[in-house]
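First comes the structure, then the notes that go with it.
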Amino acid sequence: MYSLSDYDFILPEKLIAQKPAVPRDHCRLLFFDSKTQNAQHHYFYDLKKLLPSGALLVFNDSQVIPARLLGQKQHTDGKFEIFLLKQLKDNLWEVLLKGKRKKEGMIIRFAHSNLQAKIIENLDEQRWLVEFNYHEPDLSRILNRTGLIPLPPYIKIEQSNTHIKQWLKKQYQTIYADSSKKGSVAAPTAGLHFTQRLLSQLENGGVEFAKVTLHVGLGTFSPVRHEDITQHKMHSELGMIDKKTLLQILEAKKVGRPIISVGTTTVRVLEGLVSKYLNYSPEKLAQLPEVLTEEIGIFIYPGYRFKILDGLITNFHLPKSTLLMLVSAMTGKDKLLELYKIAIQKKYKFFSFGDAMLIL
């Protein structure tokens, strides 16, 4: 149960989705009912008849930023790529760096702008600290214009012209992403399937909504490097929830309404942040600040006992990933791999632009 190799599976490359379904809610949906242990095949728009009555659906409203920057080393023109991870303050960013002979003090420049980045410090084997030559709010405007959408490497779309870049900015973003909550370097992909029409149908059917924020960063996609998965340490990601939403979720839990997470990033906010307040008295809850902010580094794998969650909407995830481990904590590892085998046989599409699962 705790061996990395146990979370491996073989996926035909043709099942890796290269573009989203049109309309978004017409992707396929594999529904697993944990009570009956049965799998059913639906479309995403069938959520309106599959979700239990009175369900509370919780979304991650973080907005994806154009996090990939293609540049050149000053003086030598050697190619460099900066992948933004986390803004620490103003013009200081934690990043991944791709290029030869990286060293502190090196300057990277970017075409079609006066933007430059200076390498300040090597933080660990993956992360570096860089300082840009612009400050906010100018820096955000330049990054938005210069940066590319941070597509995963298995999606082979060249962002070679303005039309494609604009199309991707829309497609690789949930329709409910909050423009005041920019900060994710990968989309919370379970939410990509929702359309405004489906949200309206769910709301009219008695489903209630809540929104939390987790800025997706290295913690979500960093690979597990230990065969014993319990030795893996998650990188923390910034999570936020306002007090009104916290009270809404806690009340739903108290009265027994099903709480269903849209995506694994939302799960981490629910289990890593919201669960801490389950036993607070009304008086203590009233004293909390209006917005709660916390670095969330919870790692969920089989054996974990969910404190908030009753169900999950999620995509099909990469082999050996922490996301696969999180989902298997709900279903059991063997059952999840069995469901993945069924999905492969039925030719479901996998990963970011792929099809979805509903687990209740």
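So you can find residues: chains in the structure tokens are A, B, ... in the order shown, residues in each start at 1, and ligands are numbered from 1 in order.
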
As a PyMOL selection string, which residues of region 230-284 of chain A does DSSP assign to strand (DSSP E)?
chain A and resi 237-242+259-262

Residues from last step as file, C-alpha atoms, as a PDB file, in the first residue's frame:
```pdb
ATOM      1  CA  GLU A 237       0.865  25.683  -1.247  1.00  0.00           C
ATOM      2  CA  LEU A 238      -0.978  28.810  -0.178  1.00  0.00           C
ATOM      3  CA  GLY A 239      -4.576  28.126   0.847  1.00  0.00           C
ATOM      4  CA  MET A 240      -7.280  30.645   1.755  1.00  0.00           C
ATOM      5  CA  ILE A 241     -10.869  30.609   2.950  1.00  0.00           C
ATOM      6  CA  ASP A 242     -13.072  33.409   4.236  1.00  0.00           C
ATOM      7  CA  ILE A 259     -19.695  17.757   1.070  1.00  0.00           C
ATOM      8  CA  ILE A 260     -18.209  17.091  -2.356  1.00  0.00           C
ATOM      9  CA  SER A 261     -14.872  18.480  -3.455  1.00  0.00           C
ATOM     10  CA  VAL A 262     -14.251  19.630  -7.013  1.00  0.00           C
TER      11      VAL A 262
END
```

Rows by chain and residue number, region 108-207 of chain A within 8 Å of region 15-25 of chain A, shortest pair, only C-alpha atoms, as CSV:
```
residue,atom,partner,partner_atom,distance
A:Tyr154,CA,A:Ile16,CA,7.5
A:Ile155,CA,A:Gln18,CA,5.3
A:Lys156,CA,A:Gln18,CA,6.8
A:Ile157,CA,A:Gln18,CA,7.6
A:Gln171,CA,A:Pro20,CA,7.4
A:Leu192,CA,A:Arg24,CA,7.0
A:His193,CA,A:Arg24,CA,4.8
A:Phe194,CA,A:Asp25,CA,5.7
A:Thr195,CA,A:Asp25,CA,6.2
A:Leu198,CA,A:Asp25,CA,7.4
```

So that I have them on file, write out the residues from the current selection with C-alpha atoms, as a PDB file, in the first residue's frame.
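Done, and the output landed in part_28.pdb:
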```
ATOM      1  CA  TYR A 154       2.165  15.718 -22.232  1.00  0.00           C
ATOM      2  CA  ILE A 155      -0.094  18.282 -23.970  1.00  0.00           C
ATOM      3  CA  LYS A 156       1.595  18.980 -27.314  1.00  0.00           C
ATOM      4  CA  ILE A 157       0.202  22.391 -28.230  1.00  0.00           C
ATOM      5  CA  GLN A 171      -9.439  26.811 -22.060  1.00  0.00           C
ATOM      6  CA  LEU A 192     -12.473  22.699 -16.238  1.00  0.00           C
ATOM      7  CA  HIS A 193     -15.552  20.591 -17.054  1.00  0.00           C
ATOM      8  CA  PHE A 194     -18.096  23.012 -15.618  1.00  0.00           C
ATOM      9  CA  THR A 195     -20.176  25.305 -17.819  1.00  0.00           C
ATOM     10  CA  LEU A 198     -24.476  23.166 -15.709  1.00  0.00           C
TER      11      LEU A 198
END
```

Give me the residues of region 108-197 of chain A that have any atom at most 9 Å from an atom of region 55-60 of chain A; for each, the nearest atom pair and the distance in Å, rounded to one decimal. Use only C-alpha atoms, sort by chain and number, and format it as CSV.
```
residue,atom,partner,partner_atom,distance
A:Tyr176,CA,A:Phe59,CA,8.6
A:Ala177,CA,A:Asn60,CA,7.8
A:Pro188,CA,A:Asn60,CA,7.0
A:Gly191,CA,A:Phe59,CA,7.3
```

Atoms to include: N, CA and C atoms. Write the selected residues as a PDB file, in the first residue's frame.
```pdb
ATOM      1  N   TYR A 176     -15.095  29.834 -13.243  1.00  0.00           N
ATOM      2  CA  TYR A 176     -15.367  30.552 -11.995  1.00  0.00           C
ATOM      3  C   TYR A 176     -14.082  31.057 -11.323  1.00  0.00           C
ATOM      4  N   ALA A 177     -12.943  30.978 -12.027  1.00  0.00           N
ATOM      5  CA  ALA A 177     -11.694  31.489 -11.474  1.00  0.00           C
ATOM      6  C   ALA A 177     -11.844  32.972 -11.140  1.00  0.00           C
ATOM      7  N   PRO A 188      -6.584  23.843 -11.645  1.00  0.00           N
ATOM      8  CA  PRO A 188      -7.306  22.822 -10.872  1.00  0.00           C
ATOM      9  C   PRO A 188      -8.276  22.127 -11.830  1.00  0.00           C
ATOM     10  N   GLY A 191     -12.218  21.233 -12.304  1.00  0.00           N
ATOM     11  CA  GLY A 191     -13.165  22.319 -12.508  1.00  0.00           C
ATOM     12  C   GLY A 191     -13.310  22.753 -13.954  1.00  0.00           C
TER      13      GLY A 191
END
```

Any idea what's packed within 7 Å of Arg68 (chain A), counting only C-alpha atoms, ignoring anything in its chain fewer than 6 positions away? Could you give it as a CSV table (one decimal) with C-alpha atoms, in the first residue's frame?
```csv
chain,number,residue,atom,x,y,z
A,82,ILE,CA,11.7,30.1,-16.0
A,83,PHE,CA,8.7,28.4,-14.5
A,84,LEU,CA,7.1,30.6,-11.9
A,147,GLY,CA,4.4,34.4,-20.2
A,148,LEU,CA,3.0,31.3,-21.7
A,149,ILE,CA,0.2,29.1,-20.3
A,150,PRO,CA,1.9,26.4,-18.1
```

Who sits within 9 Å of Phe316 (chain A), only C-alpha atoms, same chain under 4 positions skipped, as a list in words
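Listed by chain and then number, they are Leu324, Tyr340, Ala343, Tyr348, Lys349, Phe350, Phe351, Ser352, Gly354, Asp355, Ala356 and Met357 of chain A.
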
Restrict the selected residues to C-alpha atoms and save them as a short mmCIF file (atom, residue, chain, number, x, y, z; two decimals), in the first residue's frame.
```cif
data_model
loop_
_atom_site.label_atom_id
_atom_site.label_comp_id
_atom_site.auth_asym_id
_atom_site.auth_seq_id
_atom_site.Cartn_x
_atom_site.Cartn_y
_atom_site.Cartn_z
CA LEU A 324 -3.42 9.30 -7.64
CA TYR A 340 -8.47 3.01 -14.16
CA ALA A 343 -11.43 3.53 -18.02
CA TYR A 348 -11.66 7.39 -21.47
CA LYS A 349 -9.34 10.35 -22.00
CA PHE A 350 -6.75 11.01 -19.29
CA PHE A 351 -5.05 13.92 -17.51
CA SER A 352 -5.66 17.68 -17.63
CA GLY A 354 -9.36 14.49 -20.20
CA ASP A 355 -12.52 12.95 -18.79
CA ALA A 356 -13.65 12.94 -15.17
CA MET A 357 -14.60 10.74 -12.24
#
```

Excluding Tyr301 (chain A) and any residue of its chain fewer than 2 positions from it, enumerate the residues within 8 Å of it, using only C-alpha atoms, and give them as a ChimeraX atom specification.
/A:299,303-304,322,325-329

Export C-alpha atoms of the chosen residues as a PDB file, in the first residue's frame?
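The resulting file, out-v5.pdb, is shown below:
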```
ATOM      1  CA  PHE A 299      -0.079  14.595   1.974  1.00  0.00           C
ATOM      2  CA  GLY A 303      -4.984   4.963   5.426  1.00  0.00           C
ATOM      3  CA  TYR A 304      -5.982   8.613   5.762  1.00  0.00           C
ATOM      4  CA  THR A 322       0.461  12.234  -5.206  1.00  0.00           C
ATOM      5  CA  MET A 325      -2.538   8.471  -4.028  1.00  0.00           C
ATOM      6  CA  LEU A 326      -5.010  11.022  -2.700  1.00  0.00           C
ATOM      7  CA  VAL A 327      -7.870   9.603  -4.769  1.00  0.00           C
ATOM      8  CA  SER A 328      -6.949   6.054  -3.784  1.00  0.00           C
ATOM      9  CA  ALA A 329      -7.324   7.099  -0.142  1.00  0.00           C
TER      10      ALA A 329
END
```

Tell me which of A:Ser113, A:Thr146, A:Thr230, A:Gln166 sits closest to Pro302 (chain A), counting only C-alpha atoms.
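The closest residue to Pro302 (chain A) is A:Thr230.
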
Just want the 12 Å neighbourhood of Asn38 (chain A), counted on only C-alpha atoms, with same-chain residues fewer than 2 positions away dropped. Output as an MDAnalysis selection string.
chainID A and resid 30:36 40:41 331 335:336 338:339 342 358:360

Given the choices A:Glu158, A:Glu290, A:Asp6, A:Asp178, which gets closest to Lys211 (chain A) if the distance is worked out from only C-alpha atoms?
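Among A:Glu158, A:Glu290, A:Asp6, A:Asp178, it is A:Asp178 that comes nearest to Lys211 (chain A).
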
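Excluding region 128-133 of chain A and any residue on its chain fewer than 4 positions from it, the residues at most 9 Å away by only C-alpha atoms are A:Asn91, A:Leu92, A:Trp93, A:Glu94, A:Val95, A:Leu96, A:Leu97, A:Asn114, A:Leu115, A:Gln116, A:Ala117, A:Lys118, A:Ile119, A:Ile120, A:Glu121, A:Asn122, A:Leu123, A:Asp124, A:Leu139.
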
Please produce a file of the residues just selected, as a short mmCIF file (atom, residue, chain, number, x, y, z; two decimals), in the first residue's frame, where the atoms kept are N, CA and C atoms.
```cif
data_model
loop_
_atom_site.label_atom_id
_atom_site.label_comp_id
_atom_site.auth_asym_id
_atom_site.auth_seq_id
_atom_site.Cartn_x
_atom_site.Cartn_y
_atom_site.Cartn_z
N ASN A 91 8.91 41.74 -6.39
CA ASN A 91 9.59 41.25 -7.60
C ASN A 91 10.43 40.00 -7.35
N LEU A 92 10.21 39.34 -6.23
CA LEU A 92 10.97 38.15 -5.85
C LEU A 92 10.11 36.91 -6.02
N TRP A 93 10.59 35.95 -6.83
CA TRP A 93 9.82 34.74 -7.12
C TRP A 93 10.63 33.49 -6.87
N GLU A 94 9.94 32.47 -6.38
CA GLU A 94 10.48 31.11 -6.31
C GLU A 94 10.13 30.44 -7.64
N VAL A 95 11.14 29.84 -8.30
CA VAL A 95 10.92 29.33 -9.66
C VAL A 95 11.64 27.99 -9.86
N LEU A 96 11.26 27.31 -10.96
CA LEU A 96 12.07 26.24 -11.52
C LEU A 96 12.86 26.82 -12.68
N LEU A 97 14.09 26.37 -12.86
CA LEU A 97 14.95 26.89 -13.93
C LEU A 97 15.37 25.75 -14.84
N ASN A 114 11.61 44.55 -21.93
CA ASN A 114 12.83 44.90 -21.20
C ASN A 114 12.96 44.08 -19.92
N LEU A 115 12.14 43.04 -19.81
CA LEU A 115 12.14 42.22 -18.60
C LEU A 115 13.44 41.43 -18.47
N GLN A 116 13.98 41.43 -17.25
CA GLN A 116 15.15 40.63 -16.93
C GLN A 116 14.94 39.96 -15.57
N ALA A 117 15.61 38.83 -15.38
CA ALA A 117 15.56 38.13 -14.09
C ALA A 117 16.98 37.82 -13.65
N LYS A 118 17.28 38.11 -12.41
CA LYS A 118 18.60 37.81 -11.84
C LYS A 118 18.46 36.61 -10.91
N ILE A 119 19.31 35.60 -11.11
CA ILE A 119 19.30 34.43 -10.22
C ILE A 119 19.95 34.82 -8.90
N ILE A 120 19.17 34.73 -7.83
CA ILE A 120 19.64 35.16 -6.51
C ILE A 120 20.22 34.02 -5.70
N GLU A 121 19.49 32.87 -5.69
CA GLU A 121 19.89 31.80 -4.78
C GLU A 121 19.32 30.46 -5.23
N ASN A 122 20.09 29.40 -5.01
CA ASN A 122 19.62 28.03 -5.22
C ASN A 122 19.00 27.54 -3.91
N LEU A 123 17.69 27.30 -3.91
CA LEU A 123 16.99 26.94 -2.67
C LEU A 123 17.10 25.44 -2.37
N ASP A 124 17.00 24.60 -3.39
CA ASP A 124 17.18 23.16 -3.24
C ASP A 124 17.41 22.57 -4.63
N LEU A 139 5.11 44.53 -12.99
CA LEU A 139 5.63 43.19 -13.20
C LEU A 139 4.53 42.23 -13.64
#
```

Picked from region 124-341 of chain A by DSSP as helix (DSSP H, G or I), as a VMD selection string
chain A and resid 138 to 146 162 to 171 189 to 193 196 to 204 218 to 221 229 to 231 243 to 255 264 to 272 274 to 277 282 to 286 322 to 331 333 to 341

For each of A:Ala187, A:Met330, A:Leu278, A:Val212, take the minimum atom-to-atom distance to Thr245 (chain A), counting only C-alpha atoms, then give the residue where this is smallest.
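Counting only C-alpha atoms, the residue closest to Thr245 (chain A) is A:Val212.
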